[in-house]
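Asks: Take this structure, written in structure tokens, and hold onto it; I'll ask about it next.
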Amino acid sequence: MILYNTLTHKKEEFIPNEAGKVGMYTCGPTVYHFAHIGNLRTYMMEDVLEKYIRYTGLDVKRVMNITDVGHLTSDGDTGDDKMLKGAKREHKTVMEIAKFYTDAFFEDCKKLNIKTPDVVVPATTYIDEFIKVISSLIEKGFAYEAGGNIYFDTSKIENYNVFHNFTEDDLEVGVREGVEEDENKRNKADFVLWFTKSKFDDQELKWESPWGVGYPGWHIECSCISMKNLGERLDIHCGGVDNIFPHHTNEIAQSEAYLGHKWCNYWFHVHHLNTNSGKMSKSKGEFLTVSLLEEKGYDPLVYRFFCLQSHYRKGLVFTWENLDNAKAAFDKLIARIASIGDDKAQGEDEKIAALKERFDKALGNDLNTAEGLTVIYDILKADISGASKKALIAEFDAVLGLDLLAHAEKKKEADKSASADIPEEVMALVEQRAEARKAKDFAKADELRDRIAALGYSVKETRQGPVIEKV
């Protein structure tokens, strides 16, 4: 498998640390609100990556955190805690908010066929681990106390800006407008490992620590949860491009300072889903959710299909028109699959192997899902039996996650139910018309079409066969 590594800015062959096994870490949601469909694009593409790695025969252990404390409204460690903000908005406790939106997140994932990671860890369950690692960083000289908080000292490592060549000005606290600089920091790039009550007296969740009662910073949780569950050498770390700086940059700094060696070999980042007005964001007020898509009559897997049509390293623009186009294409694909017969044949091994090779080549080339979908269409056109077509679609869809055969079966049942309401006389004329068209007797076919119309029905020819409708 060839994968683009954000750390090296190039495509590389993916080689795990341990033969046959892959340790994979995913930055999970901050559960203070519903996930918008932009967030979920990232989780979908990470899901395809995990499923493709499994498809190649490797054993994957995937770990994800749930941020239920410590993620502030600014990535520069300032502002309100997002969880506290959600609790105030809905007049609930932080843990009530965390439980509700964690459940909502996984319900959305289920609707989008996103597999639940093997290990899911709420940050609030790993406080002792955070304190242990922070204490070690202090002992090793990589962290310091100032103003009641514990900061990581980025000047103590050789290469803090591992992903980009940031200038000093780029590292202004918060990297957003309207954010006040934290005067406790020795360097602009330093970040908080532990907050104490001296600064956040209204914080609902607090724990005893060697530095006073407080709570962890956002960045420390992913490092600790990953190292605890996947060991000291991580194969691949995933997230959205907005996590690259400062979150993933800070993860690398603190993890490698603690371990004393390289921590993660491959970094996989999914680009933004945008609207016509720019990046999708919860901070803008109303945002698009899976529930909203359902309310408007869209199967959530139509959205997954929409995302798979584009490469994960390209920005994707969401409009209702674009989603309608994806729905039309998805419906046509399902109709074509529904028309596949159950015939079997011998001597198809070479043709089947060629299709498998094409799918493997597509997904193995930096997860080219659009090309992978093209192979599904190639299967439909291939000169192989219906049974072989269905078997290949099932095999490839285990990676793509579109439930293609299940949708096709539902369509067949719906079509059968609809045809049961059509009079036998009309059905007989439709069959006669099909025979006339097959014999190229188009004059007779037109005559039969007019007789069908006189009975109050229309018939349209499609690639999947005649469609009969009452007029």
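Note on naming: chains are A, B, ... as they come in the structure tokens, residues start from 1 per chain, ligands start from 1 in the order shown.
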Can you tell me which residues surround A:Val63 at a distance of at most 6 Å, considering only C-alpha atoms, apart from same-chain residues fewer than 5 positions away, and format the answer as a ChimeraX atom specification?
Replies: /A:25,117,119-120
Asks: Determine, counting only C-alpha atoms, which protein, DNA and RNA residues have an atom within 9 Å of an atom of A:Lys262; residues of the same chain fewer than 2 positions away are not included. Present the result as an MDAnalysis selection string.
Replies: chainID A and resid 232:233 252 255:256 259:260 264:265
Asks: Under the rule of at most 10 Å, produce a per-residue listing of stretch 60-166 of chain A near stretch 7-12 of chain A: chain, number, name, the closest pair of atoms, and the distance in Å, as a Markdown table, using only C-alpha atoms.
Replies:
```
| residue | atom | partner | partner_atom | distance |
| --- | --- | --- | --- | --- |
| A:Val162 | CA | A:Leu7 | CA | 6.8 |
| A:Phe163 | CA | A:Leu7 | CA | 5.4 |
| A:His164 | CA | A:Leu7 | CA | 8.7 |
```
Asks: May I have the selected residues written with C-alpha atoms, as a PDB file, in the first residue's frame?
Replies:
```
ATOM      1  CA  VAL A 162       7.691  18.870  12.169  1.00  0.00           C
ATOM      2  CA  PHE A 163       4.796  19.282   9.721  1.00  0.00           C
ATOM      3  CA  HIS A 164       5.427  22.792   8.419  1.00  0.00           C
TER       4      HIS A 164
END
```
Asks: Please list as a PyMOL selection string every residue within 12 Å of stretch 134-140 of chain A, counting only C-alpha atoms and excluding residues in the same chain fewer than 5 positions away.
Replies: chain A and resi 127-129+145+149-154+156-157+192-195+209-211+215-217+219-221+223-224+253-260
Asks: Take the residues just selected and output them with N, CA and C atoms as a short mmCIF file (atom, residue, chain, number, x, y, z; two decimals), in the first residue's frame.
Replies:
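The file below, part.cif, is the result:
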```cif
data_model
loop_
_atom_site.label_atom_id
_atom_site.label_comp_id
_atom_site.auth_asym_id
_atom_site.auth_seq_id
_atom_site.Cartn_x
_atom_site.Cartn_y
_atom_site.Cartn_z
N ILE A 127 -7.01 10.06 33.79
CA ILE A 127 -6.37 11.17 34.50
C ILE A 127 -5.04 10.75 35.13
N ASP A 128 -5.00 9.59 35.76
CA ASP A 128 -3.75 9.12 36.39
C ASP A 128 -2.64 8.97 35.35
N GLU A 129 -3.00 8.50 34.16
CA GLU A 129 -2.00 8.34 33.10
C GLU A 129 -1.46 9.69 32.66
N GLU A 145 6.26 24.89 35.41
CA GLU A 145 5.07 25.45 36.04
C GLU A 145 5.14 26.96 35.98
N ASN A 149 -0.21 26.77 36.11
CA ASN A 149 -0.41 25.78 35.06
C ASN A 149 0.92 25.12 34.69
N ILE A 150 0.84 23.95 34.07
CA ILE A 150 2.04 23.25 33.60
C ILE A 150 2.10 23.36 32.08
N TYR A 151 3.24 23.84 31.58
CA TYR A 151 3.43 24.06 30.15
C TYR A 151 4.53 23.16 29.59
N PHE A 152 4.36 22.76 28.35
CA PHE A 152 5.44 22.07 27.65
C PHE A 152 6.35 23.13 27.04
N ASP A 153 7.65 22.95 27.23
CA ASP A 153 8.65 23.91 26.75
C ASP A 153 9.15 23.48 25.37
N THR A 154 8.61 24.10 24.33
CA THR A 154 8.95 23.70 22.96
C THR A 154 10.38 24.06 22.58
N LYS A 156 12.92 23.19 24.11
CA LYS A 156 13.80 22.11 24.56
C LYS A 156 13.91 20.97 23.55
N ILE A 157 13.17 21.05 22.45
CA ILE A 157 13.27 20.01 21.43
C ILE A 157 13.84 20.60 20.14
N VAL A 192 -0.25 24.12 27.10
CA VAL A 192 -0.61 23.68 28.45
C VAL A 192 -0.79 22.17 28.52
N LEU A 193 -0.17 21.58 29.53
CA LEU A 193 -0.34 20.16 29.82
C LEU A 193 -1.37 19.95 30.93
N TRP A 194 -1.42 20.89 31.87
CA TRP A 194 -2.35 20.79 33.00
C TRP A 194 -2.77 22.18 33.46
N PHE A 195 -4.08 22.39 33.55
CA PHE A 195 -4.63 23.64 34.08
C PHE A 195 -4.97 23.44 35.55
N SER A 209 -3.90 16.80 41.73
CA SER A 209 -2.64 16.55 41.03
C SER A 209 -1.50 17.10 41.86
N PRO A 210 -0.24 16.75 41.53
CA PRO A 210 0.90 17.30 42.27
C PRO A 210 0.99 18.82 42.16
N TRP A 211 0.27 19.42 41.23
CA TRP A 211 0.37 20.86 40.97
C TRP A 211 -0.88 21.62 41.38
N TYR A 215 -7.31 20.24 35.71
CA TYR A 215 -7.69 19.26 34.69
C TYR A 215 -6.71 19.33 33.53
N PRO A 216 -6.64 18.27 32.72
CA PRO A 216 -5.60 18.19 31.68
C PRO A 216 -5.89 19.08 30.48
N GLY A 217 -4.83 19.44 29.79
CA GLY A 217 -4.98 20.10 28.50
C GLY A 217 -5.42 19.09 27.46
N HIS A 219 -4.15 18.36 24.40
CA HIS A 219 -3.16 17.65 23.60
C HIS A 219 -2.62 16.40 24.28
N ILE A 220 -2.51 16.45 25.62
CA ILE A 220 -1.88 15.34 26.34
C ILE A 220 -2.70 14.05 26.25
N GLU A 221 -4.02 14.18 26.10
CA GLU A 221 -4.86 12.97 26.17
C GLU A 221 -4.57 12.00 25.04
N SER A 223 -1.85 11.56 23.21
CA SER A 223 -0.55 10.90 23.38
C SER A 223 -0.64 9.76 24.39
N CYS A 224 -1.24 10.05 25.54
CA CYS A 224 -1.29 9.05 26.61
C CYS A 224 -2.19 7.88 26.26
N ALA A 253 5.58 16.40 19.84
CA ALA A 253 6.57 17.01 20.74
C ALA A 253 6.56 16.34 22.11
N GLN A 254 5.40 16.22 22.73
CA GLN A 254 5.35 15.68 24.09
C GLN A 254 5.58 14.16 24.12
N SER A 255 5.12 13.46 23.08
CA SER A 255 5.29 12.00 23.05
C SER A 255 6.76 11.62 22.90
N GLU A 256 7.44 12.29 21.96
CA GLU A 256 8.84 11.94 21.71
C GLU A 256 9.76 12.45 22.82
N ALA A 257 9.36 13.55 23.48
CA ALA A 257 10.13 14.00 24.64
C ALA A 257 10.01 12.98 25.78
N TYR A 258 8.83 12.43 25.93
CA TYR A 258 8.59 11.43 26.98
C TYR A 258 9.28 10.11 26.67
N LEU A 259 9.18 9.67 25.40
CA LEU A 259 9.72 8.36 25.02
C LEU A 259 11.22 8.36 24.75
N GLY A 260 11.69 9.46 24.20
CA GLY A 260 13.10 9.52 23.84
C GLY A 260 13.41 8.97 22.47
#
```
Asks: Considering only strand (DSSP E or B) as DSSP defines it on the backbone, what residues of stretch 122-319 of chain A qualify? List them as a PDB file with N, CA and C atoms, in the first residue's frame.
Replies:
```pdb
ATOM      1  N   PRO A 122     -12.707   7.484  26.891  1.00  0.00           N
ATOM      2  CA  PRO A 122     -13.011   8.853  27.319  1.00  0.00           C
ATOM      3  C   PRO A 122     -11.820   9.430  28.083  1.00  0.00           C
ATOM      4  N   ALA A 143       9.036  20.355  30.689  1.00  0.00           N
ATOM      5  CA  ALA A 143       7.832  21.060  31.108  1.00  0.00           C
ATOM      6  C   ALA A 143       8.144  21.920  32.325  1.00  0.00           C
ATOM      7  N   TYR A 144       7.344  22.964  32.523  1.00  0.00           N
ATOM      8  CA  TYR A 144       7.571  23.892  33.640  1.00  0.00           C
ATOM      9  C   TYR A 144       6.233  24.402  34.171  1.00  0.00           C
ATOM     10  N   GLU A 145       6.262  24.888  35.407  1.00  0.00           N
ATOM     11  CA  GLU A 145       5.074  25.445  36.036  1.00  0.00           C
ATOM     12  C   GLU A 145       5.138  26.964  35.981  1.00  0.00           C
ATOM     13  N   ALA A 146       4.021  27.580  35.617  1.00  0.00           N
ATOM     14  CA  ALA A 146       3.942  29.046  35.581  1.00  0.00           C
ATOM     15  C   ALA A 146       2.493  29.459  35.743  1.00  0.00           C
ATOM     16  N   ASN A 149      -0.211  26.774  36.113  1.00  0.00           N
ATOM     17  CA  ASN A 149      -0.406  25.781  35.058  1.00  0.00           C
ATOM     18  C   ASN A 149       0.924  25.122  34.694  1.00  0.00           C
ATOM     19  N   ILE A 150       0.844  23.950  34.069  1.00  0.00           N
ATOM     20  CA  ILE A 150       2.037  23.247  33.603  1.00  0.00           C
ATOM     21  C   ILE A 150       2.098  23.363  32.079  1.00  0.00           C
ATOM     22  N   TYR A 151       3.244  23.842  31.584  1.00  0.00           N
ATOM     23  CA  TYR A 151       3.425  24.062  30.153  1.00  0.00           C
ATOM     24  C   TYR A 151       4.527  23.158  29.595  1.00  0.00           C
ATOM     25  N   PHE A 152       4.364  22.758  28.353  1.00  0.00           N
ATOM     26  CA  PHE A 152       5.442  22.067  27.646  1.00  0.00           C
ATOM     27  C   PHE A 152       6.351  23.126  27.042  1.00  0.00           C
ATOM     28  N   PHE A 191       2.659  25.030  25.144  1.00  0.00           N
ATOM     29  CA  PHE A 191       1.246  24.691  25.301  1.00  0.00           C
ATOM     30  C   PHE A 191       1.004  24.051  26.657  1.00  0.00           C
ATOM     31  N   VAL A 192      -0.254  24.116  27.101  1.00  0.00           N
ATOM     32  CA  VAL A 192      -0.608  23.682  28.449  1.00  0.00           C
ATOM     33  C   VAL A 192      -0.788  22.167  28.519  1.00  0.00           C
ATOM     34  N   LEU A 193      -0.166  21.575  29.530  1.00  0.00           N
ATOM     35  CA  LEU A 193      -0.340  20.160  29.824  1.00  0.00           C
ATOM     36  C   LEU A 193      -1.368  19.950  30.929  1.00  0.00           C
ATOM     37  N   TRP A 194      -1.418  20.895  31.873  1.00  0.00           N
ATOM     38  CA  TRP A 194      -2.351  20.791  33.000  1.00  0.00           C
ATOM     39  C   TRP A 194      -2.769  22.184  33.460  1.00  0.00           C
ATOM     40  N   PHE A 195      -4.078  22.392  33.546  1.00  0.00           N
ATOM     41  CA  PHE A 195      -4.626  23.638  34.081  1.00  0.00           C
ATOM     42  C   PHE A 195      -4.974  23.441  35.549  1.00  0.00           C
ATOM     43  N   THR A 196      -4.824  24.496  36.369  1.00  0.00           N
ATOM     44  CA  THR A 196      -5.225  24.408  37.773  1.00  0.00           C
ATOM     45  C   THR A 196      -6.378  25.366  38.044  1.00  0.00           C
ATOM     46  N   TRP A 207      -9.503  17.436  39.153  1.00  0.00           N
ATOM     47  CA  TRP A 207      -8.866  16.303  39.829  1.00  0.00           C
ATOM     48  C   TRP A 207      -7.662  16.788  40.626  1.00  0.00           C
ATOM     49  N   GLY A 214      -7.071  20.538  39.309  1.00  0.00           N
ATOM     50  CA  GLY A 214      -7.223  21.069  37.958  1.00  0.00           C
ATOM     51  C   GLY A 214      -7.639  19.999  36.979  1.00  0.00           C
ATOM     52  N   TYR A 215      -7.307  20.238  35.714  1.00  0.00           N
ATOM     53  CA  TYR A 215      -7.694  19.263  34.685  1.00  0.00           C
ATOM     54  C   TYR A 215      -6.705  19.327  33.529  1.00  0.00           C
ATOM     55  N   PRO A 216      -6.641  18.271  32.718  1.00  0.00           N
ATOM     56  CA  PRO A 216      -5.605  18.191  31.679  1.00  0.00           C
ATOM     57  C   PRO A 216      -5.894  19.083  30.477  1.00  0.00           C
ATOM     58  N   LEU A 234       3.947   3.860  17.288  1.00  0.00           N
ATOM     59  CA  LEU A 234       2.659   3.860  16.618  1.00  0.00           C
ATOM     60  C   LEU A 234       2.854   3.797  15.101  1.00  0.00           C
ATOM     61  N   ASP A 235       2.022   2.993  14.430  1.00  0.00           N
ATOM     62  CA  ASP A 235       2.134   2.880  12.971  1.00  0.00           C
ATOM     63  C   ASP A 235       1.527   4.075  12.255  1.00  0.00           C
ATOM     64  N   ILE A 236       0.263   4.382  12.562  1.00  0.00           N
ATOM     65  CA  ILE A 236      -0.423   5.426  11.808  1.00  0.00           C
ATOM     66  C   ILE A 236      -1.386   6.195  12.700  1.00  0.00           C
ATOM     67  N   HIS A 237      -1.334   7.505  12.557  1.00  0.00           N
ATOM     68  CA  HIS A 237      -2.185   8.421  13.328  1.00  0.00           C
ATOM     69  C   HIS A 237      -3.058   9.186  12.343  1.00  0.00           C
ATOM     70  N   CYS A 238      -4.367   9.256  12.632  1.00  0.00           N
ATOM     71  CA  CYS A 238      -5.329   9.873  11.699  1.00  0.00           C
ATOM     72  C   CYS A 238      -6.001  11.097  12.318  1.00  0.00           C
ATOM     73  N   GLY A 239      -6.504  11.953  11.431  1.00  0.00           N
ATOM     74  CA  GLY A 239      -7.277  13.109  11.873  1.00  0.00           C
ATOM     75  C   GLY A 239      -7.579  14.022  10.707  1.00  0.00           C
ATOM     76  N   GLY A 240      -8.280  15.095  10.979  1.00  0.00           N
ATOM     77  CA  GLY A 240      -8.557  16.095   9.960  1.00  0.00           C
ATOM     78  C   GLY A 240      -7.375  17.030   9.793  1.00  0.00           C
ATOM     79  N   CYS A 264       5.536   8.065  15.943  1.00  0.00           N
ATOM     80  CA  CYS A 264       4.590   7.605  14.926  1.00  0.00           C
ATOM     81  C   CYS A 264       5.196   7.732  13.533  1.00  0.00           C
ATOM     82  N   ASN A 265       5.050   6.696  12.716  1.00  0.00           N
ATOM     83  CA  ASN A 265       5.681   6.679  11.386  1.00  0.00           C
ATOM     84  C   ASN A 265       4.862   7.342  10.290  1.00  0.00           C
ATOM     85  N   TYR A 266       3.532   7.202  10.333  1.00  0.00           N
ATOM     86  CA  TYR A 266       2.694   7.705   9.238  1.00  0.00           C
ATOM     87  C   TYR A 266       1.561   8.566   9.795  1.00  0.00           C
ATOM     88  N   TRP A 267       1.318   9.682   9.119  1.00  0.00           N
ATOM     89  CA  TRP A 267       0.242  10.597   9.510  1.00  0.00           C
ATOM     90  C   TRP A 267      -0.719  10.757   8.348  1.00  0.00           C
ATOM     91  N   PHE A 268      -1.995  10.483   8.622  1.00  0.00           N
ATOM     92  CA  PHE A 268      -3.052  10.461   7.604  1.00  0.00           C
ATOM     93  C   PHE A 268      -4.058  11.564   7.930  1.00  0.00           C
ATOM     94  N   HIS A 269      -4.177  12.550   7.038  1.00  0.00           N
ATOM     95  CA  HIS A 269      -5.065  13.676   7.299  1.00  0.00           C
ATOM     96  C   HIS A 269      -6.083  13.858   6.176  1.00  0.00           C
ATOM     97  N   VAL A 270      -7.329  14.041   6.567  1.00  0.00           N
ATOM     98  CA  VAL A 270      -8.430  14.211   5.622  1.00  0.00           C
ATOM     99  C   VAL A 270      -8.755  15.693   5.505  1.00  0.00           C
ATOM    100  N   LEU A 273     -14.493  19.436   4.395  1.00  0.00           N
ATOM    101  CA  LEU A 273     -15.725  19.553   3.622  1.00  0.00           C
ATOM    102  C   LEU A 273     -16.148  21.009   3.736  1.00  0.00           C
ATOM    103  N   ASN A 274     -16.303  21.656   2.601  1.00  0.00           N
ATOM    104  CA  ASN A 274     -16.666  23.068   2.583  1.00  0.00           C
ATOM    105  C   ASN A 274     -18.078  23.260   2.049  1.00  0.00           C
ATOM    106  N   THR A 275     -18.661  24.385   2.395  1.00  0.00           N
ATOM    107  CA  THR A 275     -19.881  24.836   1.741  1.00  0.00           C
ATOM    108  C   THR A 275     -19.469  25.967   0.800  1.00  0.00           C
ATOM    109  N   GLY A 278     -17.537  28.534   2.619  1.00  0.00           N
ATOM    110  CA  GLY A 278     -16.260  28.207   3.259  1.00  0.00           C
ATOM    111  C   GLY A 278     -16.329  26.965   4.116  1.00  0.00           C
ATOM    112  N   LYS A 279     -15.329  26.793   4.992  1.00  0.00           N
ATOM    113  CA  LYS A 279     -15.217  25.609   5.833  1.00  0.00           C
ATOM    114  C   LYS A 279     -16.439  25.441   6.725  1.00  0.00           C
ATOM    115  N   LEU A 316     -13.667  19.150  -0.442  1.00  0.00           N
ATOM    116  CA  LEU A 316     -14.911  18.734  -1.085  1.00  0.00           C
ATOM    117  C   LEU A 316     -15.984  19.769  -0.777  1.00  0.00           C
ATOM    118  N   VAL A 317     -16.687  20.240  -1.804  1.00  0.00           N
ATOM    119  CA  VAL A 317     -17.718  21.259  -1.620  1.00  0.00           C
ATOM    120  C   VAL A 317     -19.085  20.596  -1.523  1.00  0.00           C
TER     121      VAL A 317
END
```
Asks: My list of candidates is A:Val375, A:Val69, A:Ala453, A:Val467. Which is closest to A:Lys361 when distances are computed with only C-alpha atoms?
Replies: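 Looking at the shortest contact to A:Lys361, the residue is A:Val375.
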Asks: Which value, in Å to one decimal, gives the distance between atom CA of A:Val48 and atom CA of A:Val399?
Replies: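 Taking atom CA of A:Val48 as the start and atom CA of A:Val399 as the end point, the length is 5.8 Å.
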Asks: One decimal, Å: what's the distance from atom CA of A:Gly148 over to atom CA of A:Asp182, could you say?
Replies: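 So the two atoms, atom CA of A:Gly148 and atom CA of A:Asp182, lie 12.3 Å apart.
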Asks: For A:Asp331, which residue out of A:Leu455, A:Ala35, A:Leu301, A:Val426 is the nearest one, using only C-alpha atoms?
Replies: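 Closest to A:Asp331, using only C-alpha atoms: A:Leu301.
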Asks: Taking only C-alpha atoms into account, which of A:Leu404, A:Val459, A:Ala354, A:Ile97 comes nearest A:Arg304?
Replies: A:Leu404
Asks: Could you check which of A:Phe245, A:Tyr55, A:Tyr126, A:Phe287 is closest to A:Phe34, using only C-alpha atoms?
Replies: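 Selected residue with least distance to A:Phe34: A:Phe287.
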Asks: What does the distance between atom CA of A:Glu96 and atom CA of A:Glu295 come to in Å, to one decimal place?
Replies: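 Value for the atom CA of A:Glu96-atom CA of A:Glu295 distance: 25.6 Å.
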Asks: Mind checking DSSP for stretch 238-460 of chain A and telling me the alpha helix (DSSP H) residues as a compact mmCIF listing (two decimals) with C-alpha atoms, in the first residue's frame?
Replies:
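Saved file states15.txt follows:
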```txt
# COMPACT_ATOMS: atom_id res chain seq x y z
CA THR A 249 2.39 18.97 16.29
CA ASN A 250 2.06 19.11 20.08
CA GLU A 251 1.33 15.39 20.33
CA ILE A 252 4.59 14.57 18.59
CA ALA A 253 6.57 17.01 20.74
CA GLN A 254 5.35 15.68 24.09
CA SER A 255 5.29 12.00 23.05
CA GLU A 256 8.84 11.94 21.71
CA ALA A 257 10.13 14.00 24.64
CA TYR A 258 8.59 11.43 26.98
CA LEU A 259 9.72 8.36 25.02
CA VAL A 290 -26.81 13.26 9.54
CA SER A 291 -30.23 13.78 11.13
CA LEU A 292 -30.83 16.79 8.90
CA LEU A 293 -29.94 14.73 5.82
CA GLU A 294 -32.47 12.10 6.92
CA GLU A 295 -35.13 14.75 7.55
CA PRO A 300 -26.99 8.63 5.00
CA LEU A 301 -25.09 6.22 2.74
CA VAL A 302 -25.78 8.58 -0.18
CA TYR A 303 -23.58 11.04 1.69
CA ARG A 304 -20.93 8.34 2.12
CA PHE A 305 -21.13 7.65 -1.63
CA PHE A 306 -20.77 11.40 -2.26
CA CYS A 307 -17.59 11.50 -0.17
CA LEU A 308 -16.10 8.38 -1.78
CA TRP A 320 -27.72 20.15 -1.98
CA GLU A 321 -27.38 20.03 -5.76
CA ASN A 322 -24.15 18.03 -5.45
CA LEU A 323 -25.83 15.66 -3.00
CA ASP A 324 -28.80 15.27 -5.38
CA ASN A 325 -26.38 14.33 -8.16
CA ALA A 326 -24.78 11.76 -5.89
CA LYS A 327 -28.20 10.37 -4.97
CA ALA A 328 -29.16 10.00 -8.63
CA ALA A 329 -25.89 8.18 -9.37
CA PHE A 330 -26.28 5.97 -6.29
CA ASP A 331 -29.86 5.06 -7.20
CA LYS A 332 -28.82 4.14 -10.74
CA LEU A 333 -25.98 2.02 -9.41
CA ILE A 334 -28.34 0.18 -7.05
CA ALA A 335 -30.82 -0.40 -9.90
CA ARG A 336 -28.09 -1.93 -12.04
CA ILE A 337 -26.95 -4.20 -9.22
CA ALA A 338 -30.57 -5.21 -8.59
CA ASP A 349 -10.77 -17.02 -12.61
CA GLU A 350 -8.59 -14.77 -14.79
CA LYS A 351 -11.30 -12.15 -15.28
CA ILE A 352 -12.11 -12.14 -11.56
CA ALA A 353 -8.41 -11.85 -10.65
CA ALA A 354 -8.04 -8.89 -13.02
CA LEU A 355 -10.91 -7.03 -11.35
CA LYS A 356 -9.49 -7.75 -7.89
CA GLU A 357 -6.11 -6.45 -9.02
CA ARG A 358 -7.69 -3.23 -10.30
CA PHE A 359 -9.52 -2.65 -7.02
CA ASP A 360 -6.41 -3.37 -4.98
CA LYS A 361 -4.38 -1.04 -7.19
CA ALA A 362 -6.95 1.76 -6.76
CA LEU A 363 -7.28 1.59 -2.98
CA GLY A 364 -3.60 0.76 -2.55
CA THR A 369 -11.89 5.59 -3.49
CA ALA A 370 -13.19 7.23 -6.68
CA GLU A 371 -11.22 4.74 -8.75
CA GLY A 372 -12.43 1.98 -6.44
CA LEU A 373 -16.02 2.93 -7.28
CA THR A 374 -15.12 2.81 -10.97
CA VAL A 375 -14.13 -0.84 -10.51
CA ILE A 376 -17.65 -1.53 -9.16
CA TYR A 377 -19.04 -0.21 -12.46
CA ASP A 378 -16.49 -2.32 -14.33
CA ILE A 379 -17.84 -5.40 -12.58
CA LEU A 380 -21.31 -4.64 -13.91
CA LYS A 381 -19.97 -4.48 -17.48
CA GLY A 386 -24.16 -12.86 -12.05
CA ALA A 387 -22.99 -14.91 -9.08
CA SER A 388 -19.39 -13.79 -9.62
CA LYS A 389 -20.47 -10.15 -9.98
CA LYS A 390 -22.33 -10.27 -6.68
CA ALA A 391 -19.42 -11.98 -4.91
CA LEU A 392 -16.97 -9.31 -6.10
CA ILE A 393 -19.30 -6.46 -5.17
CA ALA A 394 -19.71 -7.91 -1.68
CA GLU A 395 -15.94 -8.29 -1.29
CA PHE A 396 -15.11 -4.75 -2.41
CA ASP A 397 -18.04 -3.21 -0.54
CA ALA A 398 -16.61 -4.60 2.69
CA VAL A 399 -14.08 -1.78 2.21
CA LEU A 400 -16.31 0.89 0.65
CA LEU A 404 -24.77 -2.17 -2.15
CA LEU A 405 -26.25 -5.66 -2.22
CA ALA A 406 -28.61 -4.93 0.67
CA HIS A 407 -29.87 -1.81 -1.11
CA ALA A 408 -30.30 -3.82 -4.31
CA GLU A 409 -32.40 -6.44 -2.50
CA LYS A 410 -34.61 -3.70 -1.04
CA LYS A 411 -35.12 -2.25 -4.50
CA LYS A 412 -36.09 -5.63 -5.92
CA GLU A 413 -38.62 -6.11 -3.13
CA ALA A 414 -40.02 -2.62 -3.72
CA ASP A 415 -40.25 -3.22 -7.47
CA LYS A 416 -41.97 -6.55 -6.90
CA SER A 417 -44.49 -4.89 -4.58
CA ALA A 418 -45.15 -2.13 -7.11
CA SER A 419 -45.59 -4.56 -10.01
CA GLU A 424 -52.17 -8.57 -15.58
CA GLU A 425 -53.37 -7.21 -18.93
CA VAL A 426 -50.84 -4.38 -18.74
CA MET A 427 -48.03 -6.73 -17.70
CA ALA A 428 -48.84 -9.02 -20.65
CA LEU A 429 -48.65 -6.09 -23.07
CA VAL A 430 -45.34 -4.98 -21.55
CA GLU A 431 -43.89 -8.46 -22.08
CA GLN A 432 -45.15 -8.52 -25.69
CA ARG A 433 -43.60 -5.11 -26.27
CA ALA A 434 -40.27 -6.33 -24.89
CA GLU A 435 -40.36 -9.27 -27.31
CA ALA A 436 -41.21 -6.94 -30.22
CA ARG A 437 -38.27 -4.66 -29.36
CA LYS A 438 -36.00 -7.67 -29.10
CA PHE A 442 -40.47 -1.26 -33.54
CA ALA A 443 -43.79 -0.57 -35.26
CA LYS A 444 -45.45 -3.28 -33.19
CA ALA A 445 -43.61 -2.04 -30.08
CA ASP A 446 -45.05 1.45 -30.62
CA GLU A 447 -48.54 0.00 -31.11
CA LEU A 448 -48.24 -1.93 -27.85
CA ARG A 449 -46.98 1.15 -26.05
CA ASP A 450 -50.10 3.04 -27.19
CA ARG A 451 -52.35 0.20 -25.95
CA ILE A 452 -50.57 0.33 -22.58
CA ALA A 453 -51.11 4.10 -22.46
CA ALA A 454 -54.80 3.65 -23.25
```
Asks: Restricting the calculation to only C-alpha atoms, which member of A:Ala87, A:Asn65, A:Lys228, A:Thr116 is positioned closest to A:Lys132?
Replies: A:Lys228
Asks: Taking only C-alpha atoms into account, name the residue in A:Lys88, A:Lys344, A:Lys61, A:Lys111 that is nearest to A:Gly231.
Replies: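 Comparing A:Lys88, A:Lys344, A:Lys61, A:Lys111 against A:Gly231, the winner is A:Lys61.
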